[in-house]
Amino acid sequence: VTDDAFTRVVEGRELRDRDIRAVLETGPDEVGRLAGQAAEIKQRRFGNRLQLCAIINAKSGRCSEDCSFCAQSGHYATEAPVHGFVGPERIGLAAGRAVAGGVARFGIVTSGKMPDRREVAEMAKGIEAVRRAGAVADVSPGILPPEDIALLKAAGLAGYHHNLETSRRFFPEVCSTHGYEEDVQAVRDAVASGLHVCSGGIFGIGETWEDRVELALTLKELGVHSVPVNFLQPIPGTPCGGRPLLEPWEALKIVALLRFLLPDRHIRICGGREAVFGRDKRLLLASGASGLMVGDYLTTRGASLDSDLAELAGAGLVLDRTSGE
Ligand code: SF4
């Protein structure tokens, strides 16, 4: 029974281990109730607003890293697009389309562990193009050292996105080419720089519920502002290619768990939601999330913006056109 946990969150108190256990013990038949409580927590903090963000895959493929779920890793044979940096014109056009659809934040995403100097300079031009299009400019460039953060901030960068992906315990089974602490340090540097920091993970890659809790608590401790939630969409050719999709109730429970553990942070539903929930996403949208990524993802297609907007209205949610900071 999660009533104690719900009351504690609503009263602004920390969850105890037994409260977290109560959330974890929620079975498929009780997830609707849990999701309702998570939605109530979200409602108290964010009202019935939902913020939209969108991204452009500005540089794709040939990544040096071997993340087990990722279509863009150069270690696996996948059908993901491979291209160099797309340039500010394409970025500006894509940002303009997103703004017309109600998107507040627009992210420039590049594959690779860390951008080189030329890519950082290109990114700065892309940031200016996003701002000219009327969106708040974010980047997802891999690991960005403090001097590059400063350079991009000077170009108008508002937010930095870098996922921890999973728990510290499970990460070595997900990626062998860099260590968890490098990602944690990148997030720490970005928080220290004053940027809006978006950091979350991918679920359904073989992690346990304890890993999910550990990830959430790490993100909380780091002070990230926003937590993107991705559900694995298995990509043929990657080590996770044969994994089953999450059951919808498990995905709902993940969102609810994050809302209980991170009651005052944005929780954004991103990749994999169509694969897990099919066409009907109203329940997911009413389960504690305060943000939604719309349009296409990095290597998989998303639903049309029109269908997302219709579902938002159907779920009684209204668009938050502010930057959410
Ligand atoms: S998740 Fe990022 S770092 Fe890992 S393989 Fe994919 S693009 Fe590279």
# chains A, B, ... in the order shown; residues from 1 in each chain; ligands from 1

$ residues_near_ligand --ligand "ligand 1" --cutoff "10 Å" --atoms "only C-alpha atoms and all ligand atoms" --output "VMD selection string"
chain A and resid 59 to 76 109 to 114 140 to 143 162 to 165 174 to 175 177 to 178 183 201 to 202 298

$ write_last_selection --atoms "N, CA and C atoms" --output "short mmCIF file (atom, residue, chain, number, x, y, z; two decimals), in the first residue's frame"
data_model
loop_
_atom_site.label_atom_id
_atom_site.label_comp_id
_atom_site.auth_asym_id
_atom_site.auth_seq_id
_atom_site.Cartn_x
_atom_site.Cartn_y
_atom_site.Cartn_z
N LYS A 59 24.06 15.04 -35.61
CA LYS A 59 25.22 14.27 -36.09
C LYS A 59 24.95 12.84 -35.66
N SER A 60 24.94 11.93 -36.62
CA SER A 60 24.41 10.60 -36.31
C SER A 60 25.41 9.49 -36.61
N GLY A 61 25.42 8.51 -35.74
CA GLY A 61 26.16 7.27 -36.01
C GLY A 61 27.65 7.34 -35.69
N ARG A 62 28.30 6.19 -35.95
CA ARG A 62 29.76 6.03 -35.79
C ARG A 62 30.27 6.44 -34.42
N CYS A 63 29.48 6.19 -33.40
CA CYS A 63 29.95 6.57 -32.07
C CYS A 63 31.00 5.59 -31.58
N SER A 64 32.00 6.13 -30.90
CA SER A 64 33.10 5.31 -30.38
C SER A 64 32.67 4.42 -29.22
N GLU A 65 31.52 4.74 -28.62
CA GLU A 65 31.09 4.03 -27.39
C GLU A 65 30.25 2.80 -27.76
N ASP A 66 30.10 1.91 -26.79
CA ASP A 66 29.42 0.64 -27.11
C ASP A 66 28.16 0.41 -26.26
N CYS A 67 27.43 1.47 -25.98
CA CYS A 67 26.19 1.36 -25.19
C CYS A 67 25.29 0.29 -25.82
N SER A 68 24.86 -0.65 -24.99
CA SER A 68 24.27 -1.90 -25.50
C SER A 68 22.92 -1.72 -26.17
N PHE A 69 22.29 -0.57 -25.97
CA PHE A 69 20.95 -0.35 -26.51
C PHE A 69 20.96 0.53 -27.75
N CYS A 70 22.13 1.08 -28.11
CA CYS A 70 22.16 2.25 -28.98
C CYS A 70 22.42 1.91 -30.45
N ALA A 71 21.54 2.41 -31.30
CA ALA A 71 21.66 2.19 -32.75
C ALA A 71 22.84 2.95 -33.33
N GLN A 72 23.34 3.94 -32.60
CA GLN A 72 24.37 4.81 -33.16
C GLN A 72 25.80 4.38 -32.82
N SER A 73 25.91 3.36 -32.01
CA SER A 73 27.24 2.88 -31.67
C SER A 73 27.93 2.31 -32.91
N GLY A 74 29.19 2.69 -33.10
CA GLY A 74 29.96 2.16 -34.21
C GLY A 74 30.36 0.70 -34.00
N HIS A 75 30.05 0.17 -32.83
CA HIS A 75 30.42 -1.22 -32.53
C HIS A 75 29.41 -2.22 -33.09
N TYR A 76 28.25 -1.73 -33.52
CA TYR A 76 27.19 -2.65 -33.96
C TYR A 76 26.74 -2.29 -35.37
N VAL A 109 21.24 17.32 -30.85
CA VAL A 109 21.82 16.09 -30.32
C VAL A 109 22.88 15.57 -31.28
N THR A 110 24.04 15.23 -30.74
CA THR A 110 25.10 14.67 -31.58
C THR A 110 25.57 13.35 -30.99
N SER A 111 25.92 12.42 -31.87
CA SER A 111 26.47 11.14 -31.39
C SER A 111 27.94 11.35 -31.01
N GLY A 112 28.44 10.42 -30.21
CA GLY A 112 29.86 10.49 -29.84
C GLY A 112 30.03 10.76 -28.37
N LYS A 113 31.20 10.39 -27.87
CA LYS A 113 31.45 10.56 -26.44
C LYS A 113 31.63 12.02 -26.07
N MET A 114 32.32 12.75 -26.96
CA MET A 114 32.67 14.15 -26.64
C MET A 114 32.91 14.89 -27.96
N SER A 140 22.71 18.15 -26.56
CA SER A 140 23.01 16.82 -26.02
C SER A 140 24.24 16.33 -26.75
N PRO A 141 25.41 16.76 -26.29
CA PRO A 141 26.63 16.57 -27.07
C PRO A 141 27.56 15.47 -26.53
N GLY A 142 27.07 14.63 -25.61
CA GLY A 142 27.99 13.75 -24.90
C GLY A 142 28.60 14.53 -23.74
N ILE A 143 29.83 14.20 -23.45
CA ILE A 143 30.49 14.84 -22.30
C ILE A 143 31.10 16.17 -22.74
N HIS A 162 22.34 15.12 -20.73
CA HIS A 162 23.29 14.00 -20.76
C HIS A 162 22.76 12.91 -19.83
N ASN A 163 22.36 11.81 -20.42
CA ASN A 163 21.78 10.74 -19.61
C ASN A 163 22.82 9.95 -18.85
N LEU A 164 22.48 9.55 -17.63
CA LEU A 164 23.30 8.56 -16.93
C LEU A 164 22.91 7.16 -17.38
N GLU A 165 21.76 7.03 -17.98
CA GLU A 165 21.20 5.80 -18.57
C GLU A 165 20.67 4.81 -17.56
N VAL A 174 26.26 -2.21 -19.39
CA VAL A 174 25.63 -1.48 -20.49
C VAL A 174 26.70 -0.90 -21.42
N CYS A 175 27.81 -0.46 -20.84
CA CYS A 175 28.84 0.26 -21.60
C CYS A 175 30.21 -0.09 -21.04
N THR A 177 33.10 1.20 -22.68
CA THR A 177 34.09 2.11 -23.25
C THR A 177 34.31 3.38 -22.44
N HIS A 178 33.43 3.65 -21.50
CA HIS A 178 33.73 4.72 -20.54
C HIS A 178 33.05 4.40 -19.22
N ASP A 183 30.31 10.25 -16.77
CA ASP A 183 28.98 10.83 -17.04
C ASP A 183 28.50 11.65 -15.84
N GLY A 201 17.44 8.38 -18.14
CA GLY A 201 17.93 7.09 -18.54
C GLY A 201 17.02 6.35 -19.49
N ILE A 202 17.43 5.11 -19.72
CA ILE A 202 16.65 4.22 -20.57
C ILE A 202 16.27 3.00 -19.74
N LEU A 298 15.98 10.02 -31.99
CA LEU A 298 17.26 10.02 -32.69
C LEU A 298 17.26 9.09 -33.88
#

$ residues_around --residues "Thr208 in chain A" --least-positions-apart "5" --cutoff "10 Å" --atoms "only C-alpha atoms" --output "PyMOL selection string"
chain A and resi 166-167+170+203+213-214

$ write_last_selection --atoms "all heavy atoms" --output "compact mmCIF listing (two decimals), in the first residue's frame"
# COMPACT_ATOMS: atom_id res chain seq x y z
N THR A 166 21.47 4.47 -16.54
CA THR A 166 21.03 3.47 -15.58
C THR A 166 21.81 3.67 -14.28
O THR A 166 22.42 4.70 -14.08
CB THR A 166 21.21 2.05 -16.18
OG1 THR A 166 20.55 1.09 -15.36
CG2 THR A 166 22.67 1.68 -16.33
N SER A 167 21.75 2.66 -13.41
CA SER A 167 22.43 2.81 -12.12
C SER A 167 23.95 2.64 -12.27
O SER A 167 24.43 2.04 -13.25
CB SER A 167 21.92 1.75 -11.15
OG SER A 167 22.36 0.48 -11.59
N PHE A 170 24.71 -1.12 -12.50
CA PHE A 170 24.43 -1.85 -13.73
C PHE A 170 25.20 -1.30 -14.93
O PHE A 170 25.35 -1.99 -15.95
CB PHE A 170 22.91 -1.80 -14.00
CG PHE A 170 22.44 -2.68 -15.12
CD1 PHE A 170 22.71 -4.05 -15.11
CD2 PHE A 170 21.74 -2.16 -16.20
CE1 PHE A 170 22.28 -4.87 -16.15
CE2 PHE A 170 21.32 -2.97 -17.25
CZ PHE A 170 21.59 -4.33 -17.22
N PHE A 203 15.05 2.57 -19.91
CA PHE A 203 14.50 1.50 -19.08
C PHE A 203 14.10 0.32 -19.95
O PHE A 203 13.65 0.50 -21.09
CB PHE A 203 13.29 2.03 -18.29
CG PHE A 203 13.67 3.16 -17.37
CD1 PHE A 203 13.64 4.47 -17.81
CD2 PHE A 203 14.11 2.90 -16.08
CE1 PHE A 203 14.02 5.52 -16.98
CE2 PHE A 203 14.50 3.93 -15.23
CZ PHE A 203 14.44 5.25 -15.69
N VAL A 213 15.64 2.63 -8.85
CA VAL A 213 15.63 3.49 -7.66
C VAL A 213 16.99 4.18 -7.52
O VAL A 213 17.07 5.39 -7.27
CB VAL A 213 15.33 2.65 -6.39
CG1 VAL A 213 15.52 3.49 -5.13
CG2 VAL A 213 13.90 2.10 -6.44
N GLU A 214 18.07 3.40 -7.70
CA GLU A 214 19.41 3.97 -7.54
C GLU A 214 19.64 5.11 -8.53
O GLU A 214 20.18 6.16 -8.18
CB GLU A 214 20.46 2.86 -7.73
CG GLU A 214 21.86 3.31 -7.34
CD GLU A 214 22.94 2.34 -7.79
OE1 GLU A 214 22.78 1.12 -7.61
OE2 GLU A 214 23.96 2.83 -8.33

$ closest_residue --among "A:Pro145, A:Gly159, A:Gly134, A:Gly101" --to "Asp189 in chain A" --atoms "only C-alpha atoms"
A:Pro145

$ closest_residue --among "A:Val255, A:Arg105, A:Gly295, A:Cys270" --to "Lys42 in chain A" --atoms "only C-alpha atoms"
A:Val255

$ residues_around --residues "Pro88 in chain A" --least-positions-apart "2" --cutoff "8 Å" --atoms "only C-alpha atoms" --output "short mmCIF file (atom, residue, chain, number, x, y, z; two decimals) with N, CA and C atoms, in the first residue's frame"
data_model
loop_
_atom_site.label_atom_id
_atom_site.label_comp_id
_atom_site.auth_asym_id
_atom_site.auth_seq_id
_atom_site.Cartn_x
_atom_site.Cartn_y
_atom_site.Cartn_z
N VAL A 86 24.84 18.66 -39.22
CA VAL A 86 23.94 19.09 -40.30
C VAL A 86 23.99 20.59 -40.59
N ARG A 90 19.61 23.82 -41.30
CA ARG A 90 18.68 22.70 -41.05
C ARG A 90 18.19 22.72 -39.61
N ILE A 91 19.09 23.06 -38.71
CA ILE A 91 18.71 23.10 -37.29
C ILE A 91 17.66 24.19 -37.06
N GLY A 92 17.87 25.36 -37.66
CA GLY A 92 16.93 26.47 -37.50
C GLY A 92 15.56 26.13 -38.08
N GLU A 122 30.45 24.46 -34.34
CA GLU A 122 29.21 24.26 -35.15
C GLU A 122 27.99 24.31 -34.24
N LYS A 125 26.85 27.74 -33.46
CA LYS A 125 26.04 28.34 -34.54
C LYS A 125 24.63 27.75 -34.52
N GLY A 126 24.53 26.46 -34.24
CA GLY A 126 23.22 25.81 -34.16
C GLY A 126 22.38 26.40 -33.03
N ILE A 127 23.01 26.69 -31.92
CA ILE A 127 22.30 27.28 -30.78
C ILE A 127 21.71 28.64 -31.16
N ALA A 129 20.88 29.54 -34.11
CA ALA A 129 19.76 29.30 -35.05
C ALA A 129 18.49 28.89 -34.28
#

$ closest_residue --among "A:Ala158, A:Ala80, A:Leu283, A:Ala124" --to "Thr238 in chain A" --atoms "only C-alpha atoms"
A:Ala80

$ closest_residue --among "A:Asp306, A:Asp4, A:Met123, A:Glu40" --to "Arg16 in chain A" --atoms "only C-alpha atoms"
A:Asp4

$ closest_residue --among "A:Ala98, A:Gly316, A:Leu245, A:Phe85" --to "Arg118 in chain A" --atoms "only C-alpha atoms"
A:Phe85

$ atom_distance --atom1 "CA of Glu79 in chain A" --atom2 "CA of Ser199 in chain A"
26.2 Å

$ select_by_dssp --residues "range 84-286 of chain A" --states "alpha helix (DSSP H)" --output "number ranges by chain"
A: 88-100, 117-132, 146-154, 180-193, 209-222, 248-261, 273-277, 282-285

$ atom_distance --atom1 "CA of Glu14 in chain A" --atom2 "CA of Pro28 in chain A"
25.4 Å

$ closest_residue --among "A:Phe231, A:Val184, A:Leu93, A:Ala5" --to "Asp17 in chain A" --atoms "only C-alpha atoms"
A:Ala5

$ residues_around --residues "Val276 in chain A" --least-positions-apart "6" --cutoff "7 Å" --atoms "only C-alpha atoms" --output "PyMOL selection string"
chain A and resi 245-248

$ select_by_dssp --residues "range 81-293 of chain A" --states "strand (DSSP E or B)" --output "JSON, numbers by chain"
{"A": [83, 105, 106, 107, 108, 109, 110, 136, 137, 138, 139, 140, 159, 160, 161, 165, 196, 197, 198, 201, 202, 203, 226, 227, 228, 229, 230, 231, 266, 267, 268, 269, 291, 292, 293]}

$ residues_around --residues "Asp320 in chain A" --least-positions-apart "2" --cutoff "7 Å" --atoms "only C-alpha atoms" --output "MDAnalysis selection string"
chainID A and resid 49:51 318 322

$ write_last_selection --atoms "all heavy atoms" --output "PDB file, in the first residue's frame"
ATOM      1  N   ARG A  49      -0.337  21.286 -16.563  1.00  0.00           N
ATOM      2  CA  ARG A  49       0.485  21.682 -17.706  1.00  0.00           C
ATOM      3  C   ARG A  49       1.429  20.559 -18.114  1.00  0.00           C
ATOM      4  O   ARG A  49       1.874  19.763 -17.293  1.00  0.00           O
ATOM      5  CB  ARG A  49       1.309  22.922 -17.354  1.00  0.00           C
ATOM      6  CG  ARG A  49       0.463  24.183 -17.221  1.00  0.00           C
ATOM      7  CD  ARG A  49       1.241  25.320 -16.630  1.00  0.00           C
ATOM      8  NE  ARG A  49       1.586  25.060 -15.250  1.00  0.00           N
ATOM      9  CZ  ARG A  49       2.800  25.200 -14.737  1.00  0.00           C
ATOM     10  NH1 ARG A  49       3.810  25.569 -15.490  1.00  0.00           N
ATOM     11  NH2 ARG A  49       3.018  24.952 -13.455  1.00  0.00           N
ATOM     12  N   LEU A  50       1.732  20.532 -19.385  1.00  0.00           N
ATOM     13  CA  LEU A  50       2.698  19.575 -19.905  1.00  0.00           C
ATOM     14  C   LEU A  50       3.601  20.330 -20.876  1.00  0.00           C
ATOM     15  O   LEU A  50       3.119  21.077 -21.720  1.00  0.00           O
ATOM     16  CB  LEU A  50       1.978  18.449 -20.656  1.00  0.00           C
ATOM     17  CG  LEU A  50       2.864  17.261 -20.991  1.00  0.00           C
ATOM     18  CD1 LEU A  50       2.962  16.316 -19.796  1.00  0.00           C
ATOM     19  CD2 LEU A  50       2.301  16.498 -22.179  1.00  0.00           C
ATOM     20  N   GLN A  51       4.885  20.139 -20.719  1.00  0.00           N
ATOM     21  CA  GLN A  51       5.811  20.875 -21.564  1.00  0.00           C
ATOM     22  C   GLN A  51       6.333  19.992 -22.694  1.00  0.00           C
ATOM     23  O   GLN A  51       6.679  18.829 -22.459  1.00  0.00           O
ATOM     24  CB  GLN A  51       6.997  21.343 -20.719  1.00  0.00           C
ATOM     25  CG  GLN A  51       7.843  22.342 -21.454  1.00  0.00           C
ATOM     26  CD  GLN A  51       9.066  22.691 -20.651  1.00  0.00           C
ATOM     27  OE1 GLN A  51       9.980  21.906 -20.534  1.00  0.00           O
ATOM     28  NE2 GLN A  51       9.058  23.871 -20.090  1.00  0.00           N
ATOM     29  N   VAL A 318      -2.785  20.806 -20.642  1.00  0.00           N
ATOM     30  CA  VAL A 318      -2.592  21.959 -21.517  1.00  0.00           C
ATOM     31  C   VAL A 318      -1.095  22.182 -21.708  1.00  0.00           C
ATOM     32  O   VAL A 318      -0.279  21.864 -20.853  1.00  0.00           O
ATOM     33  CB  VAL A 318      -3.236  23.253 -20.941  1.00  0.00           C
ATOM     34  CG1 VAL A 318      -4.730  23.124 -20.898  1.00  0.00           C
ATOM     35  CG2 VAL A 318      -2.677  23.575 -19.576  1.00  0.00           C
ATOM     36  N   THR A 322       6.326  27.667 -21.683  1.00  0.00           N
ATOM     37  CA  THR A 322       7.491  28.293 -21.076  1.00  0.00           C
ATOM     38  C   THR A 322       8.661  27.307 -21.121  1.00  0.00           C
ATOM     39  O   THR A 322       8.494  26.143 -21.472  1.00  0.00           O
ATOM     40  CB  THR A 322       7.230  28.644 -19.605  1.00  0.00           C
ATOM     41  OG1 THR A 322       7.101  27.427 -18.856  1.00  0.00           O
ATOM     42  CG2 THR A 322       5.958  29.456 -19.454  1.00  0.00           C
TER      43      THR A 322
END
